[in-house]
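Colleague: Got a file for you: start15.pdb, PDB, C-alpha atoms and all ligand atoms.
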ATOM      1  CA  MET A   1     -56.493 150.216  89.429  1.00  0.00           C
ATOM      2  CA  TYR A   2     -58.788 152.446  87.411  1.00  0.00           C
ATOM      3  CA  LYS A   3     -57.405 154.366  84.483  1.00  0.00           C
ATOM      4  CA  ILE A   4     -59.040 157.319  82.792  1.00  0.00           C
ATOM      5  CA  ALA A   5     -57.434 158.894  79.720  1.00  0.00           C
ATOM      6  CA  ILE A   6     -58.202 162.409  78.527  1.00  0.00           C
ATOM      7  CA  ASP A   7     -56.601 163.404  75.245  1.00  0.00           C
ATOM      8  CA  GLY A   8     -57.121 166.359  72.981  1.00  0.00           C
ATOM      9  CA  PRO A   9     -55.477 169.421  71.444  1.00  0.00           C
ATOM     10  CA  SER A  10     -53.959 172.362  73.358  1.00  0.00           C
ATOM     11  CA  GLY A  11     -56.435 174.560  75.132  1.00  0.00           C
ATOM     12  CA  SER A  12     -59.391 172.188  74.959  1.00  0.00           C
ATOM     13  CA  GLY A  13     -59.602 172.287  78.765  1.00  0.00           C
ATOM     14  CA  LYS A  14     -58.102 168.880  79.515  1.00  0.00           C
ATOM     15  CA  SER A  15     -56.261 169.884  82.658  1.00  0.00           C
ATOM     16  CA  THR A  16     -59.164 171.876  84.123  1.00  0.00           C
ATOM     17  CA  LEU A  17     -61.466 168.921  83.562  1.00  0.00           C
ATOM     18  CA  ALA A  18     -58.994 166.267  84.711  1.00  0.00           C
ATOM     19  CA  LYS A  19     -58.152 168.169  87.904  1.00  0.00           C
ATOM     20  CA  ARG A  20     -61.783 168.526  88.813  1.00  0.00           C
ATOM     21  CA  LEU A  21     -62.593 164.909  88.043  1.00  0.00           C
ATOM     22  CA  SER A  22     -59.629 163.657  90.040  1.00  0.00           C
ATOM     23  CA  ALA A  23     -60.626 165.741  93.067  1.00  0.00           C
ATOM     24  CA  HIS A  24     -64.176 164.403  92.787  1.00  0.00           C
ATOM     25  CA  LEU A  25     -63.188 160.765  92.315  1.00  0.00           C
ATOM     26  CA  GLY A  26     -60.123 160.753  94.568  1.00  0.00           C
ATOM     27  CA  PHE A  27     -57.872 159.665  91.707  1.00  0.00           C
ATOM     28  CA  VAL A  28     -54.331 160.875  91.078  1.00  0.00           C
ATOM     29  CA  TYR A  29     -54.172 163.459  88.307  1.00  0.00           C
ATOM     30  CA  VAL A  30     -51.216 163.340  85.959  1.00  0.00           C
ATOM     31  CA  ASP A  31     -50.586 166.183  83.537  1.00  0.00           C
ATOM     32  CA  THR A  32     -48.245 164.504  81.036  1.00  0.00           C
ATOM     33  CA  GLY A  33     -47.799 167.701  78.997  1.00  0.00           C
ATOM     34  CA  ALA A  34     -45.830 169.065  81.959  1.00  0.00           C
ATOM     35  CA  LEU A  35     -43.226 166.326  81.478  1.00  0.00           C
ATOM     36  CA  TYR A  36     -42.656 167.318  77.839  1.00  0.00           C
ATOM     37  CA  ARG A  37     -42.582 170.944  78.925  1.00  0.00           C
ATOM     38  CA  ALA A  38     -39.856 170.188  81.481  1.00  0.00           C
ATOM     39  CA  VAL A  39     -37.719 168.562  78.770  1.00  0.00           C
ATOM     40  CA  GLY A  40     -38.506 171.537  76.506  1.00  0.00           C
ATOM     41  CA  LEU A  41     -37.370 173.928  79.227  1.00  0.00           C
ATOM     42  CA  TYR A  42     -34.079 172.105  79.682  1.00  0.00           C
ATOM     43  CA  VAL A  43     -33.428 172.207  75.936  1.00  0.00           C
ATOM     44  CA  TYR A  44     -34.352 175.909  75.837  1.00  0.00           C
ATOM     45  CA  ARG A  45     -31.972 176.730  78.682  1.00  0.00           C
ATOM     46  CA  ALA A  46     -29.231 174.684  77.026  1.00  0.00           C
ATOM     47  CA  GLY A  47     -29.655 176.751  73.860  1.00  0.00           C
ATOM     48  CA  ALA A  48     -30.196 173.618  71.761  1.00  0.00           C
ATOM     49  CA  ASP A  49     -32.452 173.230  68.736  1.00  0.00           C
ATOM     50  CA  PRO A  50     -35.603 171.444  69.996  1.00  0.00           C
ATOM     51  CA  LYS A  51     -36.239 169.917  66.557  1.00  0.00           C
ATOM     52  CA  SER A  52     -32.822 168.339  66.271  1.00  0.00           C
ATOM     53  CA  SER A  53     -32.478 164.834  67.647  1.00  0.00           C
ATOM     54  CA  GLU A  54     -28.676 165.181  67.340  1.00  0.00           C
ATOM     55  CA  GLU A  55     -28.765 168.141  69.713  1.00  0.00           C
ATOM     56  CA  VAL A  56     -31.493 166.959  72.073  1.00  0.00           C
ATOM     57  CA  GLU A  57     -30.605 163.274  72.537  1.00  0.00           C
ATOM     58  CA  PRO A  58     -27.237 163.842  74.235  1.00  0.00           C
ATOM     59  CA  LEU A  59     -28.970 166.136  76.733  1.00  0.00           C
ATOM     60  CA  LEU A  60     -31.456 163.500  77.900  1.00  0.00           C
ATOM     61  CA  GLY A  61     -28.835 161.773  80.052  1.00  0.00           C
ATOM     62  CA  LYS A  62     -28.497 164.975  82.048  1.00  0.00           C
ATOM     63  CA  ILE A  63     -32.211 165.360  82.673  1.00  0.00           C
ATOM     64  CA  SER A  64     -34.276 164.001  85.508  1.00  0.00           C
ATOM     65  CA  VAL A  65     -37.976 164.810  85.273  1.00  0.00           C
ATOM     66  CA  GLY A  66     -40.428 163.948  87.979  1.00  0.00           C
ATOM     67  CA  ILE A  67     -43.659 164.968  89.582  1.00  0.00           C
ATOM     68  CA  LYS A  68     -44.502 165.659  93.184  1.00  0.00           C
ATOM     69  CA  TYR A  69     -47.832 166.337  94.823  1.00  0.00           C
ATOM     70  CA  ILE A  70     -48.115 169.211  97.264  1.00  0.00           C
ATOM     71  CA  ASP A  71     -51.609 169.700  98.746  1.00  0.00           C
ATOM     72  CA  GLY A  72     -52.978 167.575  95.910  1.00  0.00           C
ATOM     73  CA  GLU A  73     -51.407 169.792  93.264  1.00  0.00           C
ATOM     74  CA  GLN A  74     -48.931 168.415  90.724  1.00  0.00           C
ATOM     75  CA  LYS A  75     -45.520 170.051  90.851  1.00  0.00           C
ATOM     76  CA  THR A  76     -43.158 169.389  87.992  1.00  0.00           C
ATOM     77  CA  MET A  77     -39.548 168.843  88.938  1.00  0.00           C
ATOM     78  CA  LEU A  78     -36.564 169.251  86.631  1.00  0.00           C
ATOM     79  CA  ASN A  79     -33.334 168.019  88.196  1.00  0.00           C
ATOM     80  CA  GLY A  80     -34.787 168.719  91.617  1.00  0.00           C
ATOM     81  CA  GLU A  81     -36.004 172.239  90.763  1.00  0.00           C
ATOM     82  CA  ASP A  82     -39.703 173.088  90.854  1.00  0.00           C
ATOM     83  CA  VAL A  83     -40.331 174.421  87.339  1.00  0.00           C
ATOM     84  CA  SER A  84     -44.155 174.296  87.478  1.00  0.00           C
ATOM     85  CA  LYS A  85     -44.521 178.004  86.652  1.00  0.00           C
ATOM     86  CA  GLU A  86     -41.762 178.456  84.118  1.00  0.00           C
ATOM     87  CA  ILE A  87     -42.919 175.576  81.899  1.00  0.00           C
ATOM     88  CA  ARG A  88     -46.166 177.467  81.144  1.00  0.00           C
ATOM     89  CA  LEU A  89     -44.443 180.278  79.237  1.00  0.00           C
ATOM     90  CA  PRO A  90     -45.424 180.428  75.527  1.00  0.00           C
ATOM     91  CA  ASP A  91     -41.834 179.871  74.328  1.00  0.00           C
ATOM     92  CA  ILE A  92     -41.681 176.677  76.355  1.00  0.00           C
ATOM     93  CA  SER A  93     -44.985 175.476  74.849  1.00  0.00           C
ATOM     94  CA  MET A  94     -43.325 175.551  71.447  1.00  0.00           C
ATOM     95  CA  TYR A  95     -40.186 173.835  72.726  1.00  0.00           C
ATOM     96  CA  ALA A  96     -42.345 171.141  74.355  1.00  0.00           C
ATOM     97  CA  SER A  97     -44.246 170.570  71.144  1.00  0.00           C
ATOM     98  CA  ALA A  98     -41.010 170.336  69.134  1.00  0.00           C
ATOM     99  CA  VAL A  99     -39.200 167.941  71.489  1.00  0.00           C
ATOM    100  CA  SER A 100     -42.313 165.799  71.837  1.00  0.00           C
ATOM    101  CA  ALA A 101     -41.957 164.837  68.165  1.00  0.00           C
ATOM    102  CA  LEU A 102     -38.584 163.195  68.854  1.00  0.00           C
ATOM    103  CA  PRO A 103     -38.857 159.426  69.430  1.00  0.00           C
ATOM    104  CA  ALA A 104     -35.998 159.488  71.979  1.00  0.00           C
ATOM    105  CA  VAL A 105     -37.872 162.027  74.103  1.00  0.00           C
ATOM    106  CA  ARG A 106     -41.097 159.997  74.025  1.00  0.00           C
ATOM    107  CA  LYS A 107     -39.172 156.891  75.021  1.00  0.00           C
ATOM    108  CA  PHE A 108     -37.398 158.821  77.767  1.00  0.00           C
ATOM    109  CA  LEU A 109     -40.711 159.874  79.358  1.00  0.00           C
ATOM    110  CA  LEU A 110     -42.452 156.528  78.949  1.00  0.00           C
ATOM    111  CA  GLY A 111     -41.065 154.974  82.150  1.00  0.00           C
ATOM    112  CA  THR A 112     -42.103 157.915  84.327  1.00  0.00           C
ATOM    113  CA  GLN A 113     -45.657 157.683  83.033  1.00  0.00           C
ATOM    114  CA  LYS A 114     -45.893 153.881  83.313  1.00  0.00           C
ATOM    115  CA  ASP A 115     -44.575 153.942  86.893  1.00  0.00           C
ATOM    116  CA  ILE A 116     -47.384 156.217  88.013  1.00  0.00           C
ATOM    117  CA  ILE A 117     -50.088 154.092  86.393  1.00  0.00           C
ATOM    118  CA  ARG A 118     -48.880 150.931  88.093  1.00  0.00           C
ATOM    119  CA  THR A 119     -49.622 152.082  91.601  1.00  0.00           C
ATOM    120  CA  ASN A 120     -52.541 154.516  91.443  1.00  0.00           C
ATOM    121  CA  ASN A 121     -56.077 155.075  90.217  1.00  0.00           C
ATOM    122  CA  VAL A 122     -55.287 157.745  87.650  1.00  0.00           C
ATOM    123  CA  ILE A 123     -56.706 160.373  85.386  1.00  0.00           C
ATOM    124  CA  MET A 124     -54.023 161.232  82.890  1.00  0.00           C
ATOM    125  CA  ASP A 125     -54.225 163.926  80.260  1.00  0.00           C
ATOM    126  CA  GLY A 126     -52.107 164.363  77.163  1.00  0.00           C
ATOM    127  CA  ARG A 127     -52.031 163.525  73.479  1.00  0.00           C
ATOM    128  CA  ASP A 128     -51.307 159.779  73.337  1.00  0.00           C
ATOM    129  CA  ILE A 129     -52.706 158.545  76.635  1.00  0.00           C
ATOM    130  CA  GLY A 130     -55.559 156.484  75.159  1.00  0.00           C
ATOM    131  CA  THR A 131     -53.462 155.221  72.266  1.00  0.00           C
ATOM    132  CA  VAL A 132     -49.971 154.576  73.692  1.00  0.00           C
ATOM    133  CA  ILE A 133     -49.623 155.143  77.443  1.00  0.00           C
ATOM    134  CA  MET A 134     -52.857 153.499  78.640  1.00  0.00           C
ATOM    135  CA  PRO A 135     -54.389 151.667  75.660  1.00  0.00           C
ATOM    136  CA  ASP A 136     -56.260 149.575  78.252  1.00  0.00           C
ATOM    137  CA  ALA A 137     -57.802 152.606  80.031  1.00  0.00           C
ATOM    138  CA  HIS A 138     -61.316 151.980  81.350  1.00  0.00           C
ATOM    139  CA  VAL A 139     -62.496 155.329  79.990  1.00  0.00           C
ATOM    140  CA  LYS A 140     -61.047 157.402  77.151  1.00  0.00           C
ATOM    141  CA  ILE A 141     -62.301 160.892  76.483  1.00  0.00           C
ATOM    142  CA  PHE A 142     -61.161 162.938  73.493  1.00  0.00           C
ATOM    143  CA  LEU A 143     -61.811 166.548  74.444  1.00  0.00           C
ATOM    144  CA  ILE A 144     -62.145 169.104  71.683  1.00  0.00           C
ATOM    145  CA  SER A 145     -63.300 172.672  71.179  1.00  0.00           C
ATOM    146  CA  ASN A 146     -63.031 175.137  68.333  1.00  0.00           C
ATOM    147  CA  ASN A 147     -59.876 177.220  67.755  1.00  0.00           C
ATOM    148  CA  GLU A 148     -61.387 180.540  68.789  1.00  0.00           C
ATOM    149  CA  THR A 149     -62.710 179.219  72.101  1.00  0.00           C
ATOM    150  CA  ARG A 150     -59.374 177.582  72.862  1.00  0.00           C
ATOM    151  CA  ALA A 151     -57.450 180.771  72.054  1.00  0.00           C
ATOM    152  CA  MET A 152     -59.748 182.875  74.268  1.00  0.00           C
ATOM    153  CA  ARG A 153     -59.300 180.485  77.190  1.00  0.00           C
ATOM    154  CA  ARG A 154     -55.518 180.398  76.785  1.00  0.00           C
ATOM    155  CA  CYS A 155     -55.412 184.217  76.681  1.00  0.00           C
ATOM    156  CA  GLU A 156     -57.325 184.438  79.945  1.00  0.00           C
ATOM    157  CA  GLU A 157     -55.048 181.847  81.520  1.00  0.00           C
ATOM    158  CA  LEU A 158     -51.888 183.680  80.427  1.00  0.00           C
ATOM    159  CA  LEU A 159     -53.295 187.027  81.543  1.00  0.00           C
ATOM    160  CA  GLU A 160     -53.969 185.591  84.999  1.00  0.00           C
ATOM    161  CA  LYS A 161     -50.343 184.489  85.109  1.00  0.00           C
ATOM    162  CA  GLY A 162     -49.204 187.971  84.129  1.00  0.00           C
ATOM    163  CA  VAL A 163     -47.889 186.913  80.692  1.00  0.00           C
ATOM    164  CA  THR A 164     -48.540 189.628  78.102  1.00  0.00           C
ATOM    165  CA  THR A 165     -49.573 188.429  74.664  1.00  0.00           C
ATOM    166  CA  THR A 166     -52.302 189.049  72.071  1.00  0.00           C
ATOM    167  CA  TYR A 167     -55.276 186.949  71.009  1.00  0.00           C
ATOM    168  CA  GLU A 168     -53.849 186.704  67.468  1.00  0.00           C
ATOM    169  CA  GLU A 169     -50.523 185.415  68.760  1.00  0.00           C
ATOM    170  CA  VAL A 170     -52.184 182.835  70.965  1.00  0.00           C
ATOM    171  CA  LEU A 171     -54.475 181.671  68.149  1.00  0.00           C
ATOM    172  CA  ALA A 172     -51.521 181.320  65.769  1.00  0.00           C
ATOM    173  CA  ASP A 173     -49.584 179.351  68.423  1.00  0.00           C
ATOM    174  CA  ILE A 174     -52.514 176.999  68.946  1.00  0.00           C
ATOM    175  CA  VAL A 175     -52.936 176.315  65.232  1.00  0.00           C
ATOM    176  CA  LYS A 176     -49.199 175.714  64.846  1.00  0.00           C
ATOM    177  CA  ARG A 177     -49.026 173.434  67.858  1.00  0.00           C
ATOM    178  CA  ASP A 178     -52.034 171.411  66.663  1.00  0.00           C
ATOM    179  CA  ALA A 179     -50.292 170.906  63.333  1.00  0.00           C
ATOM    180  CA  ASN A 180     -47.021 169.831  65.036  1.00  0.00           C
ATOM    181  CA  ASP A 181     -48.729 167.513  67.497  1.00  0.00           C
ATOM    182  CA  SER A 182     -50.997 165.872  64.924  1.00  0.00           C
ATOM    183  CA  SER A 183     -48.508 165.438  62.106  1.00  0.00           C
ATOM    184  CA  ARG A 184     -45.544 163.926  63.924  1.00  0.00           C
ATOM    185  CA  ALA A 185     -44.621 160.362  63.031  1.00  0.00           C
ATOM    186  CA  VAL A 186     -44.504 158.976  66.569  1.00  0.00           C
ATOM    187  CA  ALA A 187     -47.604 158.919  68.794  1.00  0.00           C
ATOM    188  CA  PRO A 188     -49.410 161.778  67.038  1.00  0.00           C
ATOM    189  CA  LEU A 189     -52.426 163.441  68.586  1.00  0.00           C
ATOM    190  CA  THR A 190     -55.155 161.118  67.423  1.00  0.00           C
ATOM    191  CA  PRO A 191     -58.260 159.733  69.127  1.00  0.00           C
ATOM    192  CA  ALA A 192     -58.211 156.097  70.217  1.00  0.00           C
ATOM    193  CA  GLU A 193     -60.753 153.959  68.383  1.00  0.00           C
ATOM    194  CA  ASP A 194     -62.734 153.495  71.571  1.00  0.00           C
ATOM    195  CA  ALA A 195     -62.532 157.136  72.729  1.00  0.00           C
ATOM    196  CA  VAL A 196     -65.674 159.138  73.412  1.00  0.00           C
ATOM    197  CA  PHE A 197     -65.612 162.603  71.797  1.00  0.00           C
ATOM    198  CA  LEU A 198     -66.615 165.507  73.984  1.00  0.00           C
ATOM    199  CA  ASP A 199     -66.877 168.867  72.198  1.00  0.00           C
ATOM    200  CA  ASN A 200     -67.082 171.581  74.842  1.00  0.00           C
ATOM    201  CA  SER A 201     -66.966 174.655  72.548  1.00  0.00           C
ATOM    202  CA  THR A 202     -70.268 175.923  73.891  1.00  0.00           C
ATOM    203  CA  PHE A 203     -70.076 174.372  77.357  1.00  0.00           C
ATOM    204  CA  THR A 204     -69.321 175.976  80.687  1.00  0.00           C
ATOM    205  CA  GLN A 205     -66.759 174.207  82.878  1.00  0.00           C
ATOM    206  CA  ASP A 206     -69.620 172.814  84.965  1.00  0.00           C
ATOM    207  CA  GLU A 207     -71.302 171.363  81.881  1.00  0.00           C
ATOM    208  CA  THR A 208     -68.054 169.808  80.656  1.00  0.00           C
ATOM    209  CA  PHE A 209     -67.495 168.279  84.084  1.00  0.00           C
ATOM    210  CA  ALA A 210     -71.043 166.908  84.335  1.00  0.00           C
ATOM    211  CA  THR A 211     -70.885 165.405  80.831  1.00  0.00           C
ATOM    212  CA  ALA A 212     -67.519 163.778  81.469  1.00  0.00           C
ATOM    213  CA  LEU A 213     -68.688 162.372  84.799  1.00  0.00           C
ATOM    214  CA  GLU A 214     -71.685 160.838  83.066  1.00  0.00           C
ATOM    215  CA  ILE A 215     -69.406 159.217  80.470  1.00  0.00           C
ATOM    216  CA  ILE A 216     -67.210 157.817  83.262  1.00  0.00           C
ATOM    217  CA  LYS A 217     -70.099 156.539  85.364  1.00  0.00           C
ATOM    218  CA  ASN A 218     -71.493 154.723  82.354  1.00  0.00           C
ATOM    219  CA  ARG A 219     -68.247 152.780  82.094  1.00  0.00           C
ATOM    220  CA  ILE A 220     -66.958 152.224  85.581  1.00  0.00           C
ATOM    221  CA  ASP A 221     -68.661 151.467  88.838  1.00  0.00           C
ATOM    222  CA  ILE A 222     -67.783 154.417  91.046  1.00  0.00           C
TER     223      ILE A 222
HETATM  224  O1  LIG A 301     -50.755 169.571  77.225  1.00  0.00           O
HETATM  225  P1  LIG A 301     -49.655 170.618  77.008  1.00  0.00           P
HETATM  226  O2  LIG A 301     -50.073 171.756  76.154  1.00  0.00           O
HETATM  227  O3  LIG A 301     -49.104 171.073  78.317  1.00  0.00           O
HETATM  228  O4  LIG A 301     -48.487 169.815  76.241  1.00  0.00           O
HETATM  229  C1  LIG A 301     -47.296 170.429  75.806  1.00  0.00           C
HETATM  230  C2  LIG A 301     -46.772 169.727  74.560  1.00  0.00           C
HETATM  231  O5  LIG A 301     -46.355 168.401  74.899  1.00  0.00           O
HETATM  232  C3  LIG A 301     -47.803 169.562  73.458  1.00  0.00           C
HETATM  233  O6  LIG A 301     -47.643 170.536  72.449  1.00  0.00           O
HETATM  234  C4  LIG A 301     -47.568 168.187  72.895  1.00  0.00           C
HETATM  235  C5  LIG A 301     -46.735 167.472  73.904  1.00  0.00           C
HETATM  236  N1  LIG A 301     -47.417 166.340  74.532  1.00  0.00           N
HETATM  237  C6  LIG A 301     -47.315 165.122  73.919  1.00  0.00           C
HETATM  238  O7  LIG A 301     -46.734 165.034  72.840  1.00  0.00           O
HETATM  239  N2  LIG A 301     -47.850 164.016  74.488  1.00  0.00           N
HETATM  240  C7  LIG A 301     -48.506 164.105  75.657  1.00  0.00           C
HETATM  241  N3  LIG A 301     -49.015 163.007  76.212  1.00  0.00           N
HETATM  242  C8  LIG A 301     -48.641 165.362  76.286  1.00  0.00           C
HETATM  243  C9  LIG A 301     -48.103 166.473  75.692  1.00  0.00           C
END
In structure tokens, what does this structure look like?
Modeller:
Amino acid sequence: MYKIAIDGPSGSGKSTLAKRLSAHLGFVYVDTGALYRAVGLYVYRAGADPKSSEEVEPLLGKISVGIKYIDGEQKTMLNGEDVSKEIRLPDISMYASAVSALPAVRKFLLGTQKDIIRTNNVIMDGRDIGTVIMPDAHVKIFLISNNETRAMRRCEELLEKGVTTTYEEVLADIVKRDANDSSRAVAPLTPAEDAVFLDNSTFTQDETFATALEIIKNRIDI
């Protein structure tokens, strides 16, 4: 089974790239951020503090998170409910980032991620894919782009989804989330030693895709 890991900060274009690569290569795409978002959503709905392990841990036993593929698209399921849309709301991004710092939550989602890898050629995106989830991945890409570019892209994405927000708010959220995700004690956002850096600040989506494909083809025979 081939394994491709794409890690990087919020808004660097991981999911856009991974989706396109998976369609091209016929691999299964797994958006691991969606799993943390589903846990974040549950905690949000429960009115619990996402930073508190005392409040979050007892909830984990009541949560079942899974993914389904409908027409090749990943749907994120929370206790049987399709929450794919709701988990994209800005409040839930923050909840996801906060709960993802809790060791119990990371452990809770480990099995789901490992199960998928076992049986499929995968492209997985996240924060710790190359370091923790698939340290033996055949290709590891660390995708980055500058803060302003990431904030602009996120704004456009949110606008398309009908979420009203401002550029300043989105930029502040991105900076805060980067800090949370990089500074946590367990599985922080950090490039694997053997990851290839791809900075797409000035790239179009086509250029990012072509560069990533080149990196992959140099490493695996496809
Ligand atoms: O990729 P995303 O923005 O949808 O991820 C949401 C949050 O989940 C992000 O702030 C950090 C966390 N996350 C993580 O800790 N590890 C992963 N593999 C994926 C996401």
Colleague: Mind working out the centre and edge lengths of an axis-aligned box for ligand LIG 301 (chain A), all listed atoms inside, 4 Å added to each side, rounded to one decimal in Å and written as AutoDock Vina command-line options?
Modeller:
--center_x -48.6 --center_y 167.4 --center_z 75.4 --size_x 12.4 --size_y 16.7 --size_z 13.9
Colleague: Of the candidates A:Ala187, A:Ile6, A:Val30, A:Ala104, which one gets nearest to Asn121 (chain A) if we count all atoms listed in the file?
Modeller: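 Ranking A:Ala187, A:Ile6, A:Val30, A:Ala104 by distance to Asn121 (chain A), first place goes to A:Val30.
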Colleague: Pull the closest atom pair for each residue of region 27-64 of chain A that gets at most 6 Å from region 81-100 of chain A, along with the distance in Å to one decimal, counting all atoms listed in the file, ordering rows by chain and then ascending residue number, as a tab-separated table.
Modeller:
residue	atom	partner	partner_atom	distance
A:Tyr36	CA	A:Ala96	CA	5.2
A:Arg37	CA	A:Ala96	CA	4.6
A:Gly40	CA	A:Ala96	CA	4.4
A:Leu41	CA	A:Ile92	CA	5.9
A:Pro50	CA	A:Val99	CA	5.2
A:Lys51	CA	A:Ala98	CA	5.4
Colleague: Select, from A:Ile123, A:Val196, A:Ala210, A:Ala38, the residue with the minimum atom-to-atom distance to Tyr2 (chain A), counting all atoms listed in the file.
Modeller: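 Smallest distance to Tyr2 (chain A) is found for A:Ile123.
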Colleague: I'd like the neighbourhood of region 170-178 of chain A as a list in words, where a residue qualifies if any of its atoms comes within 8 Å (using all atoms listed in the file), though same-chain residues fewer than 6 positions away should be ignored.
Modeller: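 The filter keeps Pro9, Ser10, Gly11, Met94, Ser97, Asn147, Glu148, Arg150, Ala151, Arg154 and Cys155 of chain A.
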Colleague: How far is it from CA of Val122 (chain A) to CA of Leu189 (chain A), in Å with one decimal?
Modeller: 20.1 Å
Colleague: Output the residue selection produced by the PyMOL selection byres (((chain A and resi 28) around 9) and not hetatm) on the file above, formatted as an NGL selection string.
Modeller: :A and (19 or 22-23 or 25-27 or 29-30 or 72 or 116 or 120-124)
Colleague: Considering all atoms listed in the file, state which residue in the set A:Val39, A:Leu198, A:Leu158, A:Ile215 is at the smallest distance from ligand LIG 301 (chain A).
Modeller: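 Of the candidates, the smallest distance to ligand LIG 301 (chain A) is held by A:Val39.
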Colleague: Nearest residue to ligand LIG 301 (chain A) out of A:Ala137, A:Leu159, A:Leu110, A:Ile67, using all atoms listed in the file?
Modeller: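 Residue with the minimum atom-to-atom distance to ligand LIG 301 (chain A): A:Leu110.
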Colleague: When the PyMOL selection byres (((chain A and resi 186) around 7) and not hetatm) is applied to the structure above, which residues does it catch, written out as a list in words?
Modeller: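 Checked against the file, the PyMOL selection byres (((chain A and resi 186) around 7) and not hetatm) matches Ala101, Pro103, Arg184, Ala185, Ala187 and Pro188 of chain A.
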Colleague: Which value, in Å to one decimal, gives the distance between CA of Met134 (chain A) and CA of Pro191 (chain A)?
Modeller: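 These two atoms are separated by 12.6 Å.
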Colleague: Neighbouring residues of Ile216 (chain A) were defined as those with any atom within 12 Å, considering all atoms listed in the file; residues of the same chain fewer than 3 positions away were excluded. Please report them as a PyMOL selection string.
Modeller: chain A and resi 2-6+18+21-22+24-25+123+137-141+195-196+209-213+219-222
